[in-house]
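What follows is the content of data-v6.txt (compact mmCIF, C-alpha atoms).
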```
# COMPACT_ATOMS: atom_id res chain seq x y z
CA MET A 243 0.01 -30.79 -9.14
CA LEU A 244 -1.46 -29.99 -5.71
CA THR A 245 -5.16 -30.82 -5.48
CA CYS A 246 -7.19 -29.42 -2.61
CA THR A 247 -10.68 -28.09 -2.03
CA LEU A 248 -10.91 -24.36 -1.46
CA ASP A 249 -14.23 -23.05 -0.16
CA SER A 250 -14.98 -19.48 -1.26
CA ALA A 251 -17.91 -19.36 1.17
CA SER A 252 -15.73 -20.15 4.18
CA ARG A 253 -14.85 -17.49 6.75
CA VAL A 254 -11.23 -18.59 6.25
CA THR A 255 -9.75 -16.69 3.31
CA LEU A 256 -8.76 -18.56 0.17
CA THR A 257 -5.16 -17.49 0.81
CA ASP A 258 -5.17 -19.03 4.30
CA GLN A 259 -6.83 -22.20 3.01
CA LEU A 260 -4.20 -22.61 0.30
CA TYR A 261 -1.38 -21.80 2.74
CA GLN A 262 -2.64 -24.47 5.15
CA ALA A 263 -2.89 -27.05 2.35
CA LEU A 264 0.66 -26.35 1.19
CA ARG A 265 1.99 -26.43 4.76
CA ALA A 266 0.34 -29.82 5.26
CA GLU A 267 2.02 -31.15 2.12
CA ILE A 268 5.42 -29.92 3.33
CA ASP A 269 4.97 -31.04 6.95
CA SER A 270 3.89 -34.52 5.85
CA GLY A 271 6.88 -34.91 3.54
CA HIS A 272 4.74 -35.22 0.40
CA MET A 273 6.63 -32.15 -0.78
CA ALA A 274 10.28 -32.60 0.12
CA PRO A 275 13.08 -30.03 0.43
CA GLY A 276 14.16 -28.97 -3.03
CA ASP A 277 10.86 -29.89 -4.71
CA LYS A 278 9.59 -27.29 -7.14
CA LEU A 279 6.16 -25.78 -6.54
CA PRO A 280 3.83 -25.11 -9.48
CA SER A 281 4.09 -21.67 -11.00
CA LYS A 282 1.64 -19.13 -9.63
CA ARG A 283 -0.28 -19.04 -12.88
CA GLN A 284 -0.45 -22.84 -13.26
CA LEU A 285 -1.67 -23.39 -9.70
CA ALA A 286 -4.18 -20.52 -9.96
CA GLU A 287 -5.69 -22.03 -13.11
CA HIS A 288 -5.70 -25.53 -11.61
CA LEU A 289 -7.50 -24.44 -8.43
CA HIS A 290 -9.67 -21.79 -10.14
CA VAL A 291 -8.39 -18.95 -7.97
CA SER A 292 -6.56 -15.73 -8.77
CA THR A 293 -2.78 -15.51 -9.12
CA ALA A 294 -2.90 -12.95 -6.28
CA THR A 295 -4.25 -15.67 -3.94
CA VAL A 296 -1.42 -18.04 -4.88
CA GLU A 297 1.10 -15.21 -4.64
CA ALA A 298 -0.01 -14.35 -1.10
CA ALA A 299 0.16 -17.99 0.04
CA TYR A 300 3.61 -18.46 -1.50
CA GLY A 301 4.79 -15.21 0.05
CA ARG A 302 3.73 -16.31 3.52
CA LEU A 303 5.47 -19.68 3.12
CA ALA A 304 8.63 -17.92 1.97
CA SER A 305 8.56 -15.39 4.84
CA GLU A 306 8.32 -18.27 7.32
CA GLY A 307 11.22 -20.16 5.77
CA PHE A 308 9.29 -23.04 4.18
CA CYS A 309 9.86 -21.99 0.57
CA GLU A 310 12.43 -20.05 -1.39
CA SER A 311 12.25 -18.21 -4.69
CA ARG A 312 14.96 -18.89 -7.24
CA PRO A 313 15.39 -16.24 -9.95
CA ARG A 314 14.13 -17.30 -13.38
CA SER A 315 13.32 -20.73 -12.02
CA GLY A 316 10.39 -20.49 -9.63
CA MET A 317 9.43 -21.38 -6.08
CA TYR A 318 10.93 -24.38 -4.27
CA VAL A 319 10.48 -26.07 -0.90
CA ALA A 320 13.34 -24.75 1.24
CA GLN A 321 16.40 -26.99 1.64
CA GLN A 322 16.58 -26.11 5.35
CA LEU A 323 13.08 -26.26 6.83
CA PRO A 324 12.33 -24.63 10.21
CA ARG A 325 13.11 -27.06 13.02
CA ALA A 326 10.26 -28.88 14.72
CA GLY A 327 9.33 -27.21 17.98
CA VAL A 328 10.68 -23.85 16.86
CA ALA A 329 8.03 -21.24 16.08
CA ALA A 330 8.05 -20.64 12.34
CA HIS A 331 5.77 -17.64 12.32
CA PRO A 332 7.51 -14.26 12.47
CA GLN A 333 4.75 -13.12 14.86
CA ALA A 334 5.94 -15.69 17.43
CA VAL A 335 8.80 -13.34 18.34
CA PRO A 336 7.57 -9.98 19.68
CA VAL A 337 8.16 -7.14 17.22
CA ARG A 338 10.48 -4.60 18.78
CA TRP A 339 11.40 -2.64 15.66
CA ASP A 340 8.74 -2.14 13.00
CA PHE A 341 10.17 -1.21 9.59
CA SER A 342 6.95 -2.12 7.77
CA THR A 343 5.67 0.46 5.29
CA GLY A 344 2.27 0.65 6.99
CA ALA A 345 3.64 1.80 10.35
CA ALA A 346 2.87 5.38 11.40
CA ASP A 347 4.02 7.96 13.91
CA ALA A 348 1.79 8.34 16.96
CA GLU A 349 4.00 10.49 19.18
CA HIS A 350 3.44 13.69 17.18
CA PHE A 351 -0.29 13.34 16.59
CA PRO A 352 -1.96 16.67 17.56
CA TYR A 353 -3.95 15.11 20.38
CA SER A 354 -4.85 18.32 22.21
CA THR A 355 -6.05 20.13 19.08
CA TRP A 356 -8.05 17.14 17.81
CA ALA A 357 -9.58 16.57 21.26
CA ARG A 358 -10.54 20.25 21.60
CA LEU A 359 -12.22 20.29 18.20
CA MET A 360 -14.01 17.03 18.94
CA ARG A 361 -15.29 18.44 22.25
CA GLU A 362 -16.57 21.52 20.42
CA VAL A 363 -18.42 19.34 17.93
CA LEU A 364 -19.98 17.20 20.65
CA SER A 365 -20.93 20.18 22.83
CA GLU A 366 -23.04 21.67 20.03
CA GLN A 367 -25.32 18.59 20.15
CA ASN A 368 -25.95 18.69 16.41
CA THR A 369 -28.35 15.77 15.97
CA ALA A 370 -27.77 15.80 12.20
CA LEU A 371 -24.32 14.31 12.84
CA LEU A 372 -25.98 11.24 14.33
CA LEU A 373 -27.87 10.48 11.12
CA ALA A 374 -26.59 8.58 8.09
CA GLY A 375 -25.88 11.80 6.21
CA ASP A 376 -24.84 12.21 2.60
CA PRO A 377 -23.43 9.01 1.02
CA GLN A 378 -20.41 10.97 -0.22
CA GLY A 379 -19.73 12.60 3.12
CA SER A 380 -20.38 16.04 4.62
CA TYR A 381 -20.75 18.68 1.91
CA ALA A 382 -19.00 21.28 4.08
CA LEU A 383 -16.03 18.95 4.54
CA ARG A 384 -15.92 18.22 0.81
CA CYS A 385 -15.73 21.96 0.14
CA GLU A 386 -12.66 22.21 2.38
CA MET A 387 -11.11 19.17 0.69
CA ALA A 388 -11.69 20.57 -2.80
CA GLN A 389 -9.81 23.72 -1.82
CA MET A 390 -7.06 21.64 -0.19
CA MET A 391 -6.53 19.55 -3.35
CA ARG A 392 -6.47 22.67 -5.50
CA SER A 393 -3.76 24.36 -3.42
CA LEU A 394 -1.60 21.30 -2.66
CA ARG A 395 -1.84 19.16 -5.83
CA GLY A 396 -3.30 21.42 -8.52
CA VAL A 397 -6.41 19.24 -8.75
CA GLU A 398 -9.56 21.07 -9.84
CA VAL A 399 -12.68 19.22 -8.71
CA THR A 400 -16.04 20.24 -7.31
CA PRO A 401 -17.27 19.13 -3.88
CA GLU A 402 -19.92 17.09 -5.73
CA GLN A 403 -17.19 14.83 -7.15
CA ILE A 404 -15.52 14.00 -3.81
CA VAL A 405 -16.30 10.82 -1.88
CA LEU A 406 -15.14 10.20 1.69
CA GLY A 407 -14.66 6.65 2.96
CA ALA A 408 -13.43 4.75 6.02
CA GLY A 409 -10.14 3.63 4.49
CA THR A 410 -8.72 2.74 1.10
CA GLU A 411 -10.30 -0.73 1.26
CA VAL A 412 -13.79 0.78 1.40
CA LEU A 413 -13.16 3.09 -1.55
CA VAL A 414 -11.50 0.47 -3.77
CA THR A 415 -14.32 -1.97 -3.04
CA ALA A 416 -16.85 0.74 -3.95
CA LEU A 417 -15.01 1.45 -7.20
CA THR A 418 -15.25 -2.16 -8.34
CA SER A 419 -19.02 -1.94 -8.13
CA VAL A 420 -19.18 1.52 -9.72
CA LEU A 421 -16.89 0.64 -12.63
CA GLY A 422 -18.24 -2.91 -12.94
CA ARG A 423 -16.73 -6.18 -11.77
CA GLU A 424 -16.64 -7.44 -15.34
CA LYS A 425 -14.00 -4.83 -16.11
CA LEU A 426 -10.37 -6.00 -16.15
CA PHE A 427 -8.23 -4.02 -13.66
CA ALA A 428 -4.55 -3.53 -14.49
CA VAL A 429 -2.15 -3.27 -11.54
CA GLU A 430 1.52 -2.36 -11.41
CA ASP A 431 3.97 -5.26 -11.05
CA PRO A 432 5.64 -4.94 -8.62
CA GLY A 433 2.94 -2.90 -6.93
CA TYR A 434 0.77 -2.38 -3.89
CA SER A 435 -0.27 -5.94 -3.01
CA ARG A 436 -2.94 -4.78 -0.57
CA VAL A 437 -4.96 -3.16 -3.36
CA ARG A 438 -4.54 -6.29 -5.49
CA ARG A 439 -6.03 -8.36 -2.69
CA ILE A 440 -8.93 -5.92 -2.22
CA LEU A 441 -9.76 -6.00 -5.93
CA VAL A 442 -9.73 -9.80 -5.98
CA ALA A 443 -11.80 -10.03 -2.80
CA SER A 444 -14.32 -7.65 -4.39
CA GLY A 445 -14.78 -10.02 -7.32
CA ALA A 446 -12.74 -8.07 -9.84
CA ARG A 447 -10.34 -9.59 -12.34
CA ILE A 448 -6.79 -8.24 -12.33
CA VAL A 449 -3.90 -8.32 -14.77
CA PRO A 450 -0.33 -7.48 -13.66
CA ILE A 451 1.49 -5.01 -15.91
CA PRO A 452 5.30 -4.77 -15.70
CA LEU A 453 7.09 -1.48 -15.20
CA ALA A 454 9.12 0.28 -17.87
CA GLY A 455 11.38 3.11 -16.80
CA GLY A 456 9.99 2.96 -13.26
CA ALA A 457 6.34 3.37 -14.28
CA ILE A 458 3.60 1.16 -15.67
CA ASP A 459 4.38 -0.02 -19.22
CA VAL A 460 1.69 1.69 -21.30
CA GLY A 461 2.45 -0.48 -24.32
CA ALA A 462 1.72 -3.59 -22.27
CA LEU A 463 -1.35 -1.86 -20.85
CA TYR A 464 -2.78 -1.41 -24.36
CA MET A 465 -2.20 -5.09 -25.12
CA SER A 466 -3.78 -6.27 -21.85
CA GLY A 467 -7.30 -5.22 -22.74
CA ALA A 468 -7.75 -3.67 -19.28
CA GLY A 469 -10.57 -1.20 -18.73
CA ALA A 470 -9.05 0.37 -15.60
CA ALA A 471 -5.50 0.83 -14.30
CA TYR A 472 -4.42 1.33 -10.68
CA VAL A 473 -1.18 3.38 -10.57
CA THR A 474 1.01 5.29 -8.11
CA PRO A 475 2.53 7.96 -10.40
CA SER A 476 3.94 10.41 -7.86
CA HIS A 477 5.84 7.76 -5.87
CA GLN A 478 5.64 4.30 -7.42
CA PHE A 479 5.11 1.66 -4.78
CA PRO A 480 7.41 -0.09 -4.03
CA LEU A 481 10.25 1.01 -6.36
CA GLY A 482 9.87 4.68 -5.42
CA GLY A 483 10.21 6.38 -8.83
CA GLU A 484 8.12 9.28 -10.14
CA MET A 485 6.30 8.96 -13.46
CA SER A 486 7.81 11.35 -16.00
CA ALA A 487 5.82 13.94 -17.94
CA GLY A 488 6.08 11.79 -21.08
CA GLN A 489 4.88 8.69 -19.26
CA ARG A 490 1.94 10.62 -17.80
CA ALA A 491 0.95 11.88 -21.24
CA ALA A 492 1.09 8.34 -22.66
CA LEU A 493 -1.05 6.96 -19.82
CA LEU A 494 -3.66 9.71 -20.25
CA ARG A 495 -3.69 9.02 -23.99
CA TRP A 496 -4.41 5.34 -23.25
CA ALA A 497 -7.40 6.38 -21.13
CA ARG A 498 -8.78 8.68 -23.84
CA GLU A 499 -8.34 6.19 -26.67
CA THR A 500 -9.69 3.13 -24.84
CA GLY A 501 -12.25 4.75 -22.55
CA GLY A 502 -10.40 3.22 -19.62
CA TYR A 503 -10.22 4.72 -16.14
CA ILE A 504 -7.04 5.55 -14.24
CA LEU A 505 -7.08 5.03 -10.47
CA GLU A 506 -4.39 7.43 -9.24
CA ASP A 507 -3.23 6.67 -5.70
CA ASP A 508 -1.41 9.77 -4.42
CA TYR A 509 -0.79 8.06 -1.07
CA ASP A 510 2.21 10.00 0.32
CA SER A 511 2.65 13.01 -1.95
CA GLU A 512 2.75 15.30 1.11
CA PHE A 513 6.17 14.02 2.14
CA ARG A 514 8.81 15.08 -0.37
CA PHE A 515 12.30 15.79 0.97
CA SER A 516 14.15 16.98 -2.14
CA GLY A 517 13.26 18.52 -5.47
CA THR A 518 9.77 19.42 -6.63
CA SER A 519 7.04 16.99 -7.56
CA LEU A 520 5.07 17.06 -10.79
CA PRO A 521 1.37 17.91 -10.47
CA ALA A 522 -1.01 15.07 -9.76
CA LEU A 523 -2.09 13.09 -12.82
CA LYS A 524 -5.64 14.27 -12.14
CA ALA A 525 -4.49 17.87 -12.64
CA LEU A 526 -3.66 16.98 -16.26
CA ASP A 527 -6.89 15.08 -16.92
CA GLU A 528 -9.03 16.77 -19.56
CA SER A 529 -11.31 13.87 -20.46
CA GLY A 530 -12.59 12.90 -17.01
CA GLN A 531 -10.87 9.51 -16.94
CA VAL A 532 -8.78 9.87 -13.75
CA ILE A 533 -10.08 8.90 -10.31
CA TYR A 534 -7.82 10.57 -7.73
CA MET A 535 -7.37 8.76 -4.40
CA ASN A 536 -5.61 9.77 -1.20
CA THR A 537 -5.75 9.14 2.52
CA PHE A 538 -5.25 10.90 5.82
CA ALA A 539 -3.63 7.72 7.17
CA ARG A 540 -0.18 9.14 6.39
CA THR A 541 -0.75 12.75 7.34
CA LEU A 542 -2.71 12.05 10.54
CA ALA A 543 -3.09 8.42 11.65
CA PRO A 544 -4.19 5.09 10.10
CA GLY A 545 -6.58 4.44 12.97
CA LEU A 546 -8.78 7.39 12.00
CA ARG A 547 -9.84 5.50 8.85
CA LEU A 548 -10.19 8.61 6.68
CA SER A 549 -9.64 8.34 2.93
CA PHE A 550 -11.15 10.04 -0.10
CA MET A 551 -11.43 9.89 -3.87
CA THR A 552 -12.71 12.10 -6.68
CA LEU A 553 -15.09 10.66 -9.23
CA PRO A 554 -15.57 11.84 -12.81
CA GLU A 555 -18.97 13.53 -13.07
CA ALA A 556 -20.25 10.65 -15.21
CA LEU A 557 -19.80 8.21 -12.30
CA VAL A 558 -21.23 10.26 -9.42
CA GLY A 559 -24.85 9.26 -10.07
CA ARG A 560 -23.98 5.57 -10.18
CA TYR A 561 -22.07 5.84 -6.90
CA ARG A 562 -25.00 7.53 -5.17
CA ALA A 563 -27.40 4.91 -6.51
CA LEU A 564 -25.28 2.11 -5.00
CA HIS A 565 -24.45 3.70 -1.62
CA ALA A 566 -26.94 5.00 0.92
CA ALA A 567 -24.59 6.33 3.60
CA CYS A 568 -21.02 7.45 4.22
CA SER A 569 -18.85 4.98 6.14
CA VAL A 570 -17.17 7.74 8.21
CA PRO A 571 -19.03 8.89 11.38
CA GLY A 572 -20.44 12.40 11.22
CA PHE A 573 -18.62 13.61 14.33
CA GLU A 574 -15.25 12.66 12.84
CA GLN A 575 -16.13 14.34 9.55
CA GLU A 576 -16.96 17.61 11.27
CA THR A 577 -13.83 17.45 13.43
CA LEU A 578 -11.72 16.91 10.32
CA ARG A 579 -13.44 19.83 8.58
CA ARG A 580 -12.53 22.18 11.41
CA PHE A 581 -9.02 20.75 11.56
CA ILE A 582 -8.46 21.56 7.88
CA ALA A 583 -10.24 24.93 7.95
CA GLY A 584 -8.22 26.07 10.97
CA GLY A 585 -4.93 25.43 9.16
CA TYR A 586 -3.97 22.69 11.62
CA LEU A 587 -3.52 20.02 8.96
CA GLU A 588 -1.12 22.14 6.93
CA ARG A 589 0.97 22.96 10.01
CA HIS A 590 1.01 19.34 11.14
CA VAL A 591 2.20 18.11 7.73
CA SER A 592 4.98 20.73 7.68
CA ARG A 593 6.10 19.63 11.12
CA MET A 594 6.04 15.94 10.23
CA ARG A 595 8.01 16.58 7.05
CA VAL A 596 10.88 17.82 9.24
CA VAL A 597 10.52 14.87 11.63
CA TYR A 598 10.53 12.30 8.83
CA ARG A 599 13.46 13.93 7.07
CA GLY A 600 15.47 13.52 10.27
CA ARG A 601 14.50 9.85 10.54
CA LEU A 602 15.44 9.18 6.93
CA GLN A 603 18.83 10.82 7.44
CA ALA A 604 19.40 8.73 10.59
CA LEU A 605 18.51 5.58 8.69
CA GLU A 606 20.79 6.39 5.75
CA ARG A 607 23.68 7.31 8.05
CA ARG A 608 23.40 4.20 10.24
CA VAL A 609 23.03 1.79 7.31
CA LYS A 610 26.29 3.14 5.93
CA GLU A 611 28.07 2.96 9.30
CA LEU A 612 26.98 -0.65 9.86
CA GLY A 613 27.81 -1.75 6.33
CA LEU A 614 24.35 -3.26 5.86
CA GLY A 615 24.26 -2.50 2.16
CA GLU A 616 23.25 0.29 -0.18
CA ILE A 617 20.27 2.61 0.31
CA ALA A 618 18.63 3.78 -2.92
CA PRO A 619 18.19 7.56 -3.22
CA CYS A 620 14.99 8.51 -1.40
CA GLY A 621 13.57 11.93 -2.21
CA ALA A 622 10.00 11.22 -1.10
CA GLY A 623 7.83 8.87 0.90
CA LEU A 624 8.15 7.14 4.25
CA TYR A 625 10.27 4.12 3.35
CA ALA A 626 13.62 3.44 1.73
CA LEU A 627 14.93 0.56 -0.38
CA LEU A 628 17.95 -1.29 0.99
CA ARG A 629 20.03 -3.63 -1.15
CA VAL A 630 21.43 -5.91 1.54
CA GLY A 631 25.11 -6.76 1.51
CA GLY A 632 26.78 -9.76 3.12
CA LYS A 633 26.40 -13.45 2.31
CA THR A 634 23.07 -14.31 3.96
CA PRO A 635 20.86 -16.09 1.36
CA ALA A 636 18.15 -13.76 0.07
CA GLN A 637 15.30 -16.05 1.14
CA GLU A 638 16.54 -15.97 4.77
CA LEU A 639 16.67 -12.19 5.18
CA VAL A 640 13.09 -11.62 6.39
CA PRO A 641 12.83 -14.78 8.57
CA LEU A 642 16.13 -13.97 10.30
CA ALA A 643 15.00 -10.38 10.84
CA ALA A 644 11.73 -11.64 12.35
CA GLN A 645 13.63 -13.91 14.74
CA ALA A 646 15.54 -10.82 15.88
CA GLY A 647 12.31 -8.93 16.55
CA VAL A 648 12.49 -6.82 13.37
CA ARG A 649 9.52 -6.53 11.00
CA LEU A 650 10.18 -5.67 7.35
CA THR A 651 9.27 -6.86 3.86
CA ARG A 652 11.18 -7.83 0.73
CA LEU A 653 10.77 -6.14 -2.63
CA THR A 654 9.91 -9.51 -4.17
CA ASP A 655 6.88 -9.75 -1.85
CA TYR A 656 5.15 -7.09 -3.96
CA GLY A 657 5.45 -8.76 -7.37
CA VAL A 658 3.11 -11.16 -9.14
CA MET A 659 5.45 -12.37 -11.88
CA GLU A 660 8.71 -14.15 -11.09
CA PRO A 661 11.17 -11.51 -9.79
CA GLY A 662 14.45 -10.71 -11.47
CA ARG A 663 17.78 -11.34 -9.79
CA GLU A 664 18.28 -7.61 -9.20
CA HIS A 665 15.33 -7.56 -6.75
CA GLU A 666 16.33 -10.59 -4.69
CA ARG A 667 18.31 -8.85 -1.96
CA VAL A 668 16.24 -5.67 -1.69
CA VAL A 669 14.12 -4.99 1.40
CA LEU A 670 11.87 -2.07 2.31
CA LEU A 671 12.64 -0.07 5.43
CA GLY A 672 9.72 2.04 6.62
CA PHE A 673 10.84 4.74 9.04
CA ALA A 674 7.57 6.46 9.97
CA GLY A 675 6.75 4.40 13.06
CA MET A 676 9.99 4.76 15.04
CA ASP A 677 12.08 7.62 16.35
CA GLU A 678 15.74 7.95 15.40
CA ALA A 679 17.05 6.01 18.41
CA ALA A 680 14.71 3.09 17.66
CA ILE A 681 15.68 3.13 13.98
CA GLU A 682 19.36 2.88 14.86
CA ALA A 683 18.71 0.09 17.38
CA GLY A 684 16.65 -1.82 14.85
CA LEU A 685 19.36 -1.55 12.22
CA GLU A 686 21.90 -2.83 14.74
CA ALA A 687 19.61 -5.84 15.36
CA LEU A 688 19.53 -6.47 11.61
CA ARG A 689 23.33 -6.36 11.45
CA ARG A 690 23.55 -9.01 14.16
CA ALA A 691 20.93 -11.17 12.44
CA TRP A 692 22.41 -10.99 8.95
CA MET A 693 26.13 -10.54 9.25
```
Target encoding structure tokens, full file:
Amino acid sequence: MLTCTLDSASRVTLTDQLYQALRAEIDSGHMAPGDKLPSKRQLAEHLHVSTATVEAAYGRLASEGFCESRPRSGMYVAQQLPRAGVAAHPQAVPVRWDFSTGAADAEHFPYSTWARLMREVLSEQNTALLLAGDPQGSYALRCEMAQMMRSLRGVEVTPEQIVLGAGTEVLVTALTSVLGREKLFAVEDPGYSRVRRILVASGARIVPIPLAGGAIDVGALYMSGAGAAYVTPSHQFPLGGEMSAGQRAALLRWARETGGYILEDDYDSEFRFSGTSLPALKALDESGQVIYMNTFARTLAPGLRLSFMTLPEALVGRYRALHAACSVPGFEQETLRRFIAGGYLERHVSRMRVVYRGRLQALERRVKELGLGEIAPCGAGLYALLRVGGKTPAQELVPLAAQAGVRLTRLTDYGVMEPGREHERVVLLGFAGMDEAAIEAGLEALRRAWM
């Protein structure tokens, strides 16, 4: 069993420290090709760190070609290690085509409208916008957001329940303190690994819950003893399914019976390309157990750092006691308020829905023409799942793509438990950050790299 000293007080993250220790073992030959690494749970217990930390370190080693995951067996040192003198890091090759799920469109951002509104705000010289302001954000903006949630997602909340924050990380970190770090947080497995890392970094304990029928397994959730559950019911990340009415009812029943809280991340509900979506889980919440979360990173731009959540009335006082100021600058809050009130947000989302539908269609068409594999049906969201064809070993798909200047992730990168064989050859293709010509060129680069 690997023994190394990890310093939680260091500026270097625990994940990076563990990665460096494992790399040193492999580079020195102490861990030879074909050697089995400890299971994530065993190593986490041995080093007194979370399984998410081990998972992230293993994932980085695998993406760089130093390790490989074998279904139902575990993680092994790769048989063919990267050659000495050849850059192992995917970042060493410039990224020309970004299929990552966090990429965003910049070309269609309403620059002129946003700039005009910002100039108006600045020209009024409202000194109040220079002060710390309300810890939950501008009340006037929260009024606009309450109306927006009511009309778009059927969510009935008061402005007093809304909290604005500079990104999802800020809000999730705040929630761990509001709900209590002693509480056990359940997360979907596979699920959004970024939120897992934020919870762990905030001092929270997490427990991965497998999916059943494309949504979190409520039976396993009961058995876990969790006091909070982070879920993506409208578009499960990364598998892409929508939680059924029956599954939603069961999850809400769990919250009522256990007193647990549901953290509903409605991250890309604005972009549905076929069919109609069920109302947000929060719209069905009668006991005040659902905390609704969303972001303007998808609808506007990630760089604006604008996210929000709704708190049950019982938690508002605790939030205000723990937070003295809003993390979003006042000028940006007022610009956003005018942007929403003027109908610009609604028009921009409608326009982008057309743009993204065209990109998805281009991606689906070109994948089929190139014979890259099979695209899963994609009725919503800004990424698609591709089951890769050909004979390239699954563990080489992402490293080979990186060497060709293509950034993407594997489905197995988002799981905590050992993945099943059916997930081995599945990758995620985000299409928000490239136009149709770039998407087709990137897929052609993948064909050359894999086939």
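Taking atom CA of A:Phe573 and atom CA of A:Gly407 as the two end points, the separation is 13.9 Å.
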Exercise. Kindly indicate which residue among A:Asp376, A:Glu606, A:Glu411, A:Asp510 lies nearest to A:Ala566, using only C-alpha atoms for the distances.
Key: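 Closest residue, counting only C-alpha atoms: A:Asp376.
In this structure, atom CA of A:Val337 sits 19.7 Å away from atom CA of A:Gln637.
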Quiz item: So which residues touch stretch 486-502 of chain A within 9 Å, counting all atoms listed in the file, skipping near sequence neighbours fewer than 2 positions away, as a ChimeraX atom specification?
Solution: /A:455,457-460,463-464,467-471,475,484,504,520,523,526-532
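Minimum atom-to-atom distance to A:Ala525, evaluated using all atoms listed in the file, belongs to A:Val399 out of A:Leu359, A:Ala674, A:Val399, A:Ala388.
Atom CA of A:Pro377 is positioned 12.8 Å from atom CA of A:Pro401.
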